[in-house]
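Participant: Contents of model_5.csv (CSV, C-alpha atoms) are given next:
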chain,number,residue,atom,x,y,z
A,24,MET,CA,78.0,117.3,89.6
A,25,SER,CA,79.2,115.2,86.7
A,26,GLU,CA,80.3,111.7,87.2
A,27,ALA,CA,83.8,112.6,85.9
A,28,LEU,CA,84.2,114.9,88.9
A,29,VAL,CA,82.6,112.7,91.5
A,30,LYS,CA,84.9,109.8,91.0
A,31,PRO,CA,88.2,111.7,91.6
A,32,LEU,CA,86.6,113.3,94.7
A,33,ARG,CA,85.6,109.9,96.0
A,34,ALA,CA,89.1,108.6,95.4
A,35,VAL,CA,90.6,111.5,97.3
A,36,ARG,CA,88.1,111.0,100.1
A,37,SER,CA,88.9,107.3,100.4
A,38,ARG,CA,92.6,108.0,100.5
A,39,THR,CA,92.1,110.6,103.2
A,40,TYR,CA,90.1,108.1,105.3
A,41,ALA,CA,92.7,105.4,104.8
A,42,GLY,CA,95.5,107.8,105.8
A,43,ALA,CA,93.6,108.9,108.9
A,44,ALA,CA,92.9,105.2,109.9
A,45,GLY,CA,96.5,104.3,109.3
A,46,ALA,CA,97.7,107.2,111.4
A,47,GLY,CA,95.3,106.2,114.2
A,48,VAL,CA,96.7,102.7,114.2
A,49,LEU,CA,100.3,103.9,114.4
A,50,LEU,CA,99.5,106.2,117.3
A,51,ALA,CA,97.8,103.3,119.2
A,52,LEU,CA,100.4,100.7,118.7
A,53,PRO,CA,102.6,101.5,121.7
A,54,PHE,CA,99.7,100.6,123.9
A,55,TYR,CA,99.5,97.1,122.6
A,56,LEU,CA,102.9,95.9,121.2
A,57,ASP,CA,105.8,94.6,123.2
A,58,ARG,CA,109.3,96.0,123.2
A,59,PHE,CA,110.6,93.8,120.4
A,60,TRP,CA,108.0,95.1,117.9
A,61,LEU,CA,108.3,98.7,118.9
A,62,GLN,CA,112.1,98.5,118.5
A,63,ALA,CA,111.6,96.9,115.1
A,64,GLY,CA,109.3,99.6,114.1
A,65,LEU,CA,111.6,102.3,115.3
A,66,PHE,CA,114.5,100.7,113.4
A,67,ALA,CA,112.2,100.8,110.3
A,68,MET,CA,111.4,104.5,110.8
A,69,ALA,CA,115.1,105.3,111.1
A,70,ALA,CA,115.8,103.3,107.9
A,71,ALA,CA,113.0,105.0,106.1
A,72,ILE,CA,114.4,108.5,107.0
A,73,GLY,CA,117.8,107.5,105.7
A,74,ALA,CA,116.3,105.9,102.6
A,75,ILE,CA,114.4,109.0,101.7
A,76,GLY,CA,117.7,110.9,101.8
A,77,ILE,CA,119.5,108.5,99.5
A,78,ASN,CA,116.5,108.4,97.2
A,79,LEU,CA,116.7,112.1,96.7
A,80,LEU,CA,120.3,111.7,95.8
A,81,THR,CA,120.3,108.5,93.8
A,82,GLY,CA,116.7,108.0,92.7
A,83,ALA,CA,115.8,111.6,91.9
A,84,THR,CA,119.1,113.2,90.9
A,85,GLY,CA,121.0,110.1,89.6
A,86,GLN,CA,124.1,110.5,91.9
A,87,LEU,CA,125.2,107.0,92.9
A,88,SER,CA,126.3,107.0,96.6
A,89,MET,CA,127.7,104.0,98.4
A,90,GLY,CA,128.8,106.1,101.4
A,91,HIS,CA,125.5,106.6,103.1
A,92,ALA,CA,126.6,104.6,106.1
A,93,PHE,CA,129.4,107.2,106.7
A,94,PHE,CA,126.8,110.0,107.2
A,95,LEU,CA,124.7,107.9,109.5
A,96,ALA,CA,127.8,107.4,111.6
A,97,VAL,CA,128.5,111.1,111.6
A,98,GLY,CA,124.9,111.7,112.9
A,99,ALA,CA,125.1,109.0,115.6
A,100,TYR,CA,128.5,109.8,116.9
A,101,GLY,CA,128.0,113.5,116.6
A,102,TYR,CA,125.0,113.3,118.8
A,103,CYS,CA,127.0,111.3,121.4
A,104,VAL,CA,129.9,113.8,121.4
A,105,PHE,CA,127.6,116.8,121.7
A,106,ALA,CA,125.3,115.3,124.3
A,107,ALA,CA,127.6,113.3,126.6
A,108,ASP,CA,129.0,115.0,129.7
A,109,GLY,CA,132.4,113.2,129.5
A,110,GLY,CA,131.8,111.2,132.7
A,111,ASP,CA,132.8,108.0,130.9
A,112,GLY,CA,136.2,109.3,130.0
A,113,LEU,CA,135.2,110.0,126.4
A,114,THR,CA,134.9,113.4,124.8
A,115,GLY,CA,131.6,115.0,125.5
A,116,LEU,CA,130.4,118.6,125.4
A,117,GLY,CA,127.4,118.2,127.7
A,118,LEU,CA,125.0,120.2,125.5
A,119,PRO,CA,121.2,119.9,125.9
A,120,THR,CA,120.3,116.7,124.1
A,121,TRP,CA,117.8,118.3,121.7
A,122,LEU,CA,120.5,120.8,120.7
A,123,ALA,CA,123.0,117.9,120.3
A,124,ALA,CA,120.6,116.2,117.9
A,125,VAL,CA,120.2,119.3,115.8
A,126,LEU,CA,123.9,119.9,115.7
A,127,ALA,CA,124.6,116.3,114.8
A,128,VAL,CA,122.3,116.6,111.7
A,129,LEU,CA,124.0,119.9,110.8
A,130,VAL,CA,127.4,118.3,111.1
A,131,ALA,CA,126.3,115.5,108.8
A,132,GLY,CA,125.2,118.1,106.3
A,133,VAL,CA,128.5,119.9,106.6
A,134,ALA,CA,130.3,116.6,105.9
A,135,GLY,CA,128.2,116.2,102.8
A,136,GLY,CA,128.9,119.8,101.8
A,137,LEU,CA,132.7,119.2,102.1
A,138,PHE,CA,132.3,116.2,99.8
A,139,SER,CA,130.0,117.9,97.3
A,140,PRO,CA,132.7,119.4,95.1
A,141,ILE,CA,133.9,115.9,94.4
A,142,SER,CA,130.4,114.7,93.7
A,143,GLY,CA,129.9,117.6,91.3
A,144,ARG,CA,132.9,116.5,89.2
A,145,LEU,CA,132.1,112.7,89.2
A,146,SER,CA,129.2,110.6,88.1
A,147,GLY,CA,128.1,107.0,87.8
A,148,ALA,CA,130.5,104.3,89.0
A,149,TYR,CA,133.3,106.8,89.6
A,150,LEU,CA,131.1,108.7,92.1
A,151,GLY,CA,130.1,105.4,93.7
A,152,ILE,CA,133.7,104.4,94.2
A,153,ALA,CA,134.6,107.9,95.7
A,154,THR,CA,131.7,107.7,98.2
A,155,LEU,CA,132.7,104.1,99.0
A,156,ALA,CA,136.0,105.5,100.2
A,157,LEU,CA,134.1,107.5,102.8
A,158,VAL,CA,133.0,104.3,104.5
A,159,PHE,CA,136.5,103.0,104.8
A,160,ILE,CA,137.8,106.3,106.1
A,161,GLY,CA,135.0,106.5,108.6
A,162,GLN,CA,135.6,102.9,109.8
A,163,HIS,CA,139.3,103.7,110.3
A,164,VAL,CA,138.4,106.8,112.3
A,165,MET,CA,135.7,105.1,114.4
A,166,PHE,CA,138.0,102.2,115.4
A,167,ASN,CA,141.0,104.4,116.2
A,168,ALA,CA,139.7,107.7,117.5
A,169,HIS,CA,139.0,106.2,120.9
A,170,ASP,CA,138.4,109.5,122.7
A,171,LEU,CA,135.5,110.4,120.3
A,172,THR,CA,134.0,107.0,119.4
A,173,GLY,CA,135.1,104.6,122.2
A,174,GLY,CA,136.9,102.5,119.7
A,175,ALA,CA,135.7,99.0,118.8
A,176,ASN,CA,133.5,98.8,121.9
A,177,GLY,CA,131.6,101.9,121.0
A,178,ARG,CA,130.1,104.4,123.4
A,179,ASP,CA,126.8,104.8,125.3
A,180,VAL,CA,124.2,107.1,123.9
A,181,PRO,CA,122.7,109.8,126.3
A,182,PRO,CA,118.9,109.7,126.3
A,183,LEU,CA,117.1,112.5,124.6
A,184,SER,CA,115.3,115.1,126.7
A,185,LEU,CA,112.7,117.3,125.2
A,186,PHE,CA,110.1,119.5,126.9
A,187,GLY,CA,110.8,118.1,130.3
A,188,LEU,CA,110.4,114.5,129.0
A,189,THR,CA,113.3,112.1,129.0
A,190,PHE,CA,113.2,109.3,126.5
A,191,ASP,CA,114.8,106.7,128.7
A,192,ASP,CA,113.6,103.4,130.4
A,193,ARG,CA,112.2,105.1,133.4
A,194,GLU,CA,108.5,104.1,133.2
A,195,LEU,CA,105.9,106.7,132.6
A,196,LEU,CA,102.2,105.6,133.0
A,197,VAL,CA,100.0,106.7,130.2
A,198,ALA,CA,96.4,105.4,130.4
A,199,ALA,CA,97.6,102.7,132.9
A,200,VAL,CA,100.2,101.5,130.3
A,201,PRO,CA,103.9,101.8,131.3
A,202,PHE,CA,105.9,103.7,128.7
A,203,GLY,CA,109.6,103.0,128.5
A,204,SER,CA,112.2,104.4,126.0
A,205,ALA,CA,110.7,102.5,123.1
A,206,GLU,CA,107.2,103.7,123.6
A,207,LYS,CA,108.3,107.3,124.1
A,208,LEU,CA,110.7,107.2,121.1
A,209,TRP,CA,107.9,105.7,118.9
A,210,TYR,CA,106.1,109.1,118.8
A,211,ALA,CA,109.3,111.0,118.2
A,212,GLY,CA,110.1,108.7,115.3
A,213,LEU,CA,106.7,109.1,113.8
A,214,VAL,CA,107.0,112.9,113.9
A,215,LEU,CA,110.5,112.9,112.4
A,216,LEU,CA,109.5,110.4,109.6
A,217,ALA,CA,106.3,112.3,108.8
A,218,GLY,CA,108.2,115.6,108.7
A,219,GLY,CA,111.0,114.2,106.6
A,220,ALA,CA,108.6,112.5,104.1
A,221,LEU,CA,106.4,115.7,103.7
A,222,PHE,CA,109.5,117.9,103.1
A,223,ALA,CA,111.0,115.5,100.6
A,224,ARG,CA,107.7,115.2,98.8
A,225,GLY,CA,107.4,119.0,98.6
A,226,VAL,CA,110.9,119.1,97.1
A,227,LEU,CA,110.2,116.5,94.5
A,228,ARG,CA,106.9,118.0,93.4
A,229,GLY,CA,108.3,121.6,93.1
A,230,ARG,CA,110.8,123.2,90.9
A,231,PRO,CA,113.8,121.7,92.6
A,232,GLY,CA,112.4,118.2,91.9
A,233,ARG,CA,111.9,118.9,88.3
A,234,ALA,CA,115.5,120.2,88.1
A,235,MET,CA,116.7,117.1,89.9
A,236,ASN,CA,114.9,114.8,87.5
A,237,ALA,CA,116.3,116.8,84.5
A,238,ILE,CA,119.8,116.3,85.8
A,239,ARG,CA,119.2,112.6,86.3
A,240,ASP,CA,117.8,112.1,82.8
A,241,HIS,CA,120.4,114.2,80.9
A,242,ARG,CA,122.8,116.4,82.8
A,243,ILE,CA,124.2,118.3,79.7
A,244,ALA,CA,120.7,119.0,78.4
A,245,ALA,CA,119.6,120.3,81.8
A,246,GLY,CA,122.6,122.7,81.9
A,247,VAL,CA,121.7,123.9,78.4
A,248,LEU,CA,118.1,124.6,79.6
A,249,GLY,CA,119.5,126.8,82.4
A,250,VAL,CA,119.5,124.4,85.3
A,251,PRO,CA,122.4,125.2,87.6
A,252,VAL,CA,123.6,121.6,87.6
A,253,ALA,CA,126.6,121.9,90.0
A,254,ARG,CA,124.6,123.9,92.6
A,255,HIS,CA,121.7,121.4,92.5
A,256,ARG,CA,123.9,118.4,92.8
A,257,ALA,CA,125.8,119.9,95.7
A,258,ALA,CA,122.6,120.9,97.5
A,259,VAL,CA,121.0,117.5,97.1
A,260,PHE,CA,124.2,115.9,98.5
A,261,VAL,CA,124.0,118.1,101.5
A,262,LEU,CA,120.3,117.4,102.0
A,263,SER,CA,120.8,113.6,101.6
A,264,SER,CA,123.6,113.7,104.2
A,265,MET,CA,121.3,115.6,106.7
A,266,TYR,CA,118.6,112.9,106.3
A,267,ALA,CA,121.3,110.3,106.9
A,268,GLY,CA,122.5,112.2,110.0
A,269,LEU,CA,118.9,112.3,111.3
A,270,ALA,CA,118.5,108.6,110.8
A,271,GLY,CA,121.8,108.0,112.6
A,272,VAL,CA,120.7,110.0,115.6
A,273,LEU,CA,117.4,108.1,115.8
A,274,LEU,CA,119.3,104.8,115.5
A,275,ALA,CA,121.6,105.7,118.3
A,276,LEU,CA,118.7,106.6,120.5
A,277,VAL,CA,117.0,103.3,119.8
A,278,PHE,CA,120.0,101.1,120.3
A,279,GLN,CA,121.4,103.2,123.2
A,280,ARG,CA,124.9,102.3,122.1
A,281,THR,CA,126.9,103.0,118.9
A,282,VAL,CA,129.5,100.5,117.6
A,283,PRO,CA,131.7,101.0,114.5
A,284,ASP,CA,131.0,97.6,113.0
A,285,TYR,CA,127.4,98.6,112.3
A,286,PHE,CA,128.3,101.5,110.0
A,287,GLY,CA,130.1,99.5,107.3
A,288,ILE,CA,129.7,98.8,103.6
A,289,THR,CA,126.9,96.4,104.2
A,290,LEU,CA,124.7,99.1,105.6
A,291,SER,CA,125.3,101.3,102.5
A,292,LEU,CA,124.4,98.4,100.2
A,293,GLU,CA,121.2,97.8,102.3
A,294,TYR,CA,120.1,101.4,101.7
A,295,LEU,CA,120.6,101.0,97.9
A,296,ALA,CA,118.6,97.8,98.1
A,297,MET,CA,115.8,99.8,99.9
A,298,ILE,CA,115.3,102.4,97.2
A,299,VAL,CA,115.6,99.9,94.3
A,300,ILE,CA,113.0,97.5,95.9
A,301,GLY,CA,110.6,100.3,96.9
A,302,GLY,CA,111.0,102.5,93.9
A,303,LEU,CA,113.6,105.0,92.7
A,304,GLY,CA,112.7,108.7,93.0
A,305,SER,CA,109.6,108.0,95.2
A,306,VAL,CA,109.2,109.0,98.9
A,307,SER,CA,106.7,106.3,99.5
A,308,GLY,CA,108.9,103.8,97.6
A,309,ALA,CA,111.8,104.7,100.0
A,310,VAL,CA,109.6,104.1,103.0
A,311,ALA,CA,108.2,100.8,101.6
A,312,GLY,CA,111.7,99.5,100.7
A,313,ALA,CA,113.1,100.5,104.1
A,314,VAL,CA,110.3,98.6,105.9
A,315,PHE,CA,110.9,95.5,103.8
A,316,VAL,CA,114.7,95.4,104.1
A,317,SER,CA,114.9,96.5,107.8
A,318,LEU,CA,112.2,94.3,109.2
A,319,LEU,CA,113.1,91.1,107.2
A,320,PRO,CA,116.1,90.1,109.3
A,321,GLN,CA,114.3,90.8,112.6
A,322,LEU,CA,111.3,88.7,111.5
A,323,LEU,CA,113.6,85.9,110.5
A,324,THR,CA,115.4,86.1,113.9
A,325,ARG,CA,112.1,86.2,115.8
A,326,TYR,CA,110.6,83.1,114.0
A,327,SER,CA,113.8,81.2,113.1
A,328,ASP,CA,112.6,78.2,115.1
A,329,ALA,CA,109.5,77.8,112.9
A,330,LEU,CA,111.3,78.4,109.5
A,331,PRO,CA,113.1,75.7,107.5
A,332,LEU,CA,116.8,76.1,107.0
A,333,VAL,CA,116.9,79.2,109.2
A,334,SER,CA,118.4,78.9,112.7
A,335,ALA,CA,120.4,80.7,115.3
A,336,PRO,CA,124.1,81.4,114.3
A,337,GLY,CA,126.4,78.4,115.0
A,338,THR,CA,123.6,75.8,115.1
A,339,GLY,CA,124.1,74.4,111.5
A,340,GLY,CA,121.5,76.3,109.6
A,341,ILE,CA,121.5,79.7,107.8
A,342,ALA,CA,121.7,82.6,110.2
A,343,PRO,CA,118.7,85.0,110.0
A,344,GLY,CA,120.9,88.0,109.0
A,345,GLU,CA,122.5,86.0,106.2
A,346,ALA,CA,119.1,84.6,105.0
A,347,SER,CA,117.7,88.1,104.9
A,348,ARG,CA,120.5,89.3,102.7
A,349,TYR,CA,119.8,86.4,100.3
A,350,LEU,CA,116.1,87.3,100.2
A,351,TYR,CA,116.4,91.0,99.6
A,352,GLY,CA,119.2,90.4,97.2
A,353,ALA,CA,116.9,88.1,95.2
A,354,ALA,CA,114.2,90.8,95.6
A,355,VAL,CA,116.5,93.4,94.0
A,356,VAL,CA,117.1,91.1,91.0
A,357,LEU,CA,113.4,90.4,90.6
A,358,VAL,CA,112.6,94.1,90.8
A,359,VAL,CA,115.2,95.1,88.3
A,360,LEU,CA,114.1,92.4,85.8
A,361,PHE,CA,110.3,92.5,86.2
A,362,LEU,CA,109.3,95.5,88.3
A,363,PRO,CA,111.5,98.4,87.2
A,364,GLY,CA,109.3,100.9,89.1
A,365,GLY,CA,109.7,99.1,92.3
A,366,LEU,CA,106.9,98.0,94.6
A,367,VAL,CA,105.2,101.4,94.8
A,368,GLY,CA,105.6,102.0,91.0
A,369,THR,CA,103.9,98.7,90.3
A,370,ALA,CA,101.1,99.4,92.7
A,371,VAL,CA,100.5,102.8,91.1
A,372,ARG,CA,100.4,101.3,87.6
A,373,ARG,CA,98.0,98.6,88.7
A,374,ARG,CA,95.7,101.2,90.2
A,375,VAL,CA,95.8,103.3,87.0
A,376,THR,CA,95.1,100.3,84.9
A,377,THR,CA,92.2,99.1,87.1
A,378,HIS,CA,90.6,102.5,87.4
A,379,PRO,CA,91.5,104.5,84.2
A,380,ARG,CA,90.5,108.1,84.2
A,381,GLU,CA,87.4,108.6,82.1
A,382,GLU,CA,87.4,111.2,79.4
A,383,ARG,CA,84.6,113.7,79.1
Could you render the structure from this file as structure tokens?

Facilitator:
Amino acid sequence: MSEALVKPLRAVRSRTYAGAAGAGVLLALPFYLDRFWLQAGLFAMAAAIGAIGINLLTGATGQLSMGHAFFLAVGAYGYCVFAADGGDGLTGLGLPTWLAAVLAVLVAGVAGGLFSPISGRLSGAYLGIATLALVFIGQHVMFNAHDLTGGANGRDVPPLSLFGLTFDDRELLVAAVPFGSAEKLWYAGLVLLAGGALFARGVLRGRPGRAMNAIRDHRIAAGVLGVPVARHRAAVFVLSSMYAGLAGVLLALVFQRTVPDYFGITLSLEYLAMIVIGGLGSVSGAVAGAVFVSLLPQLLTRYSDALPLVSAPGTGGIAPGEASRYLYGAAVVLVVLFLPGGLVGTAVRRRVTTHPREER
């Protein structure tokens, strides 16, 4: 076999081994990490799922959305309404929790479909402003529709039950290790993230992905070439909303309580920061940016005593949450100025430069 064929095969084999090793590590982590790190990882998984959705919309299709937090709220509260039994005095349909999760994702997609005619007529900053209105409308509903959302105090989240396993804090011994809700949800989060990433990668690498990129680069030219622009833009908006709804369901299960304050404009801006930092139009970039943005405030909170200028709120220093916004805001500026492809794009270019493909 020629050297030109051996090197690509070795590269594929090494990536396969690295992926298998990484998967093995992720599967083993619940046996060794404490609850803080598991919850941080679950929060990153949920953020990654939502970031993949907005990257399909904004990064791959060029539709600026600042209303992603609204669709996360639809997923989170939709799950609570469908799954709760109404014993707390709030509206609840008492459906099986797995069915409630599926219906919550579908409702988020329906909400995106209802908004898609507007998204098909607007673009750029105008679409961003229109989607921003969704956040304010959602906040008003969440604070005032007390029977559905519990108002400002939020509402409890029923634990997920699947195949006879309840993802709550009742301990389940696995290899002499007590598994609580975080340990159980860890594997559910891995499955959801892997499935969402593989599906999105398939979309981007197929004909829909090429059509989406054509719409992003030049919408009029794409229409002239026969791409159904309006249909693709509407479909991507629905798909992105469903990803956000799934992320909202997972977040609700992790936090075990939903509150309106969380689903505000700051959350939407964080998701835009995720895809810019990680890399626009890339599934791996969305995951990398989500891990960076979501874990940063938690790490600062965890180690605030050992970091200069960072301290607990009200103690005279910079609060961890505020410091994290400064840092990933600076990261966005640096990426836009010096790393236009994001973290993943820069890594890919470096690998290509270091190991250029040899010509025959």

Participant: List as a PyMOL selection string the protein and nucleic acid residues near Gly90 of chain A, meaning an atom at most 8 Å away when all atoms listed in the file are counted, but skip any in the same chain fewer than 4 places from it.

Facilitator: chain A and resi 94+151+154-158+288+291

Participant: So what do you get for atom CA of Asp191 of chain A versus atom CA of Arg58 of chain A, distance-wise?

Facilitator: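 Atom CA of Arg58 of chain A lies at a distance of 13.2 Å from atom CA of Asp191 of chain A.
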
Participant: Just the number, please: distance in Å from atom CA of His169 of chain A to atom CA of Leu122 of chain A, one decimal.

Facilitator: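 Between these atoms lies a distance of 23.6 Å.
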
Participant: Can you work out which one of A:Ser146, A:Pro182, A:Phe66, A:Ala175 has the shortest atom-to-atom distance to His241 of chain A, counting only C-alpha atoms?

Facilitator: A:Ser146

Participant: Report the distance between atom CA of Phe59 of chain A and atom CA of Ala96 of chain A in Å, rounded to one decimal place.

Facilitator: 23.6 Å

Participant: Ranking A:Ala353, A:Leu290, A:Ala99, A:Ala83 by minimum distance to Leu269 of chain A and counting only C-alpha atoms, which one comes first?

Facilitator: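 Residue with the minimum atom-to-atom distance to Leu269 of chain A: A:Ala99.
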
Participant: Take the point (109.9, 100.6, 93.5) in the file's coordinates, draw a sphere of radius 8 Å around it, and report as a list in words every protein, DNA or RNA residue with an atom inside or on it, counting all atoms listed in the file.

Facilitator: Ile298, Val299, Ile300, Gly301, Gly302, Leu303, Ser305, Gly308, Ala309, Gly312, Val358, Leu362, Pro363, Gly364, Gly365, Leu366, Val367, Gly368 and Thr369 of chain A

Participant: List the spatial neighbours of Pro201 of chain A as an MDAnalysis selection string - criterion: any atom at most 12 Å away, all atoms listed in the file, same-chain residues fewer than 3 positions off excluded.

Facilitator: chainID A and resid 53:58 192:198 204:207

Participant: Measuring between all atoms listed in the file, which one of A:Arg280, A:Arg325, A:Arg348, A:Arg254 shows the shortest distance to Ala296 of chain A?

Facilitator: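 Closest candidate: A:Arg348.
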
Participant: Please return, as a list in words, all polymer residues that have at least one atom within 7 Å of the point (106.7, 95.6, 109.6); use all atoms listed in the file and the file's own coordinate frame.

Facilitator: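 Those residues, ordered by chain and then number, are Gly64, Val314 and Leu318 of chain A.
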
Participant: Measuring between only C-alpha atoms, which one of A:Val97, A:Pro320, A:Ser142, A:Gly218 shows the shortest distance to Val252 of chain A?

Facilitator: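 Closest to Val252 of chain A of all the choices is A:Ser142.
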
Participant: For each of A:Val247, A:Arg144, A:Ala106, A:Leu113, take the minimum atom-to-atom distance to Pro181 of chain A, counting only C-alpha atoms, then give the residue where this is smallest.

Facilitator: A:Ala106
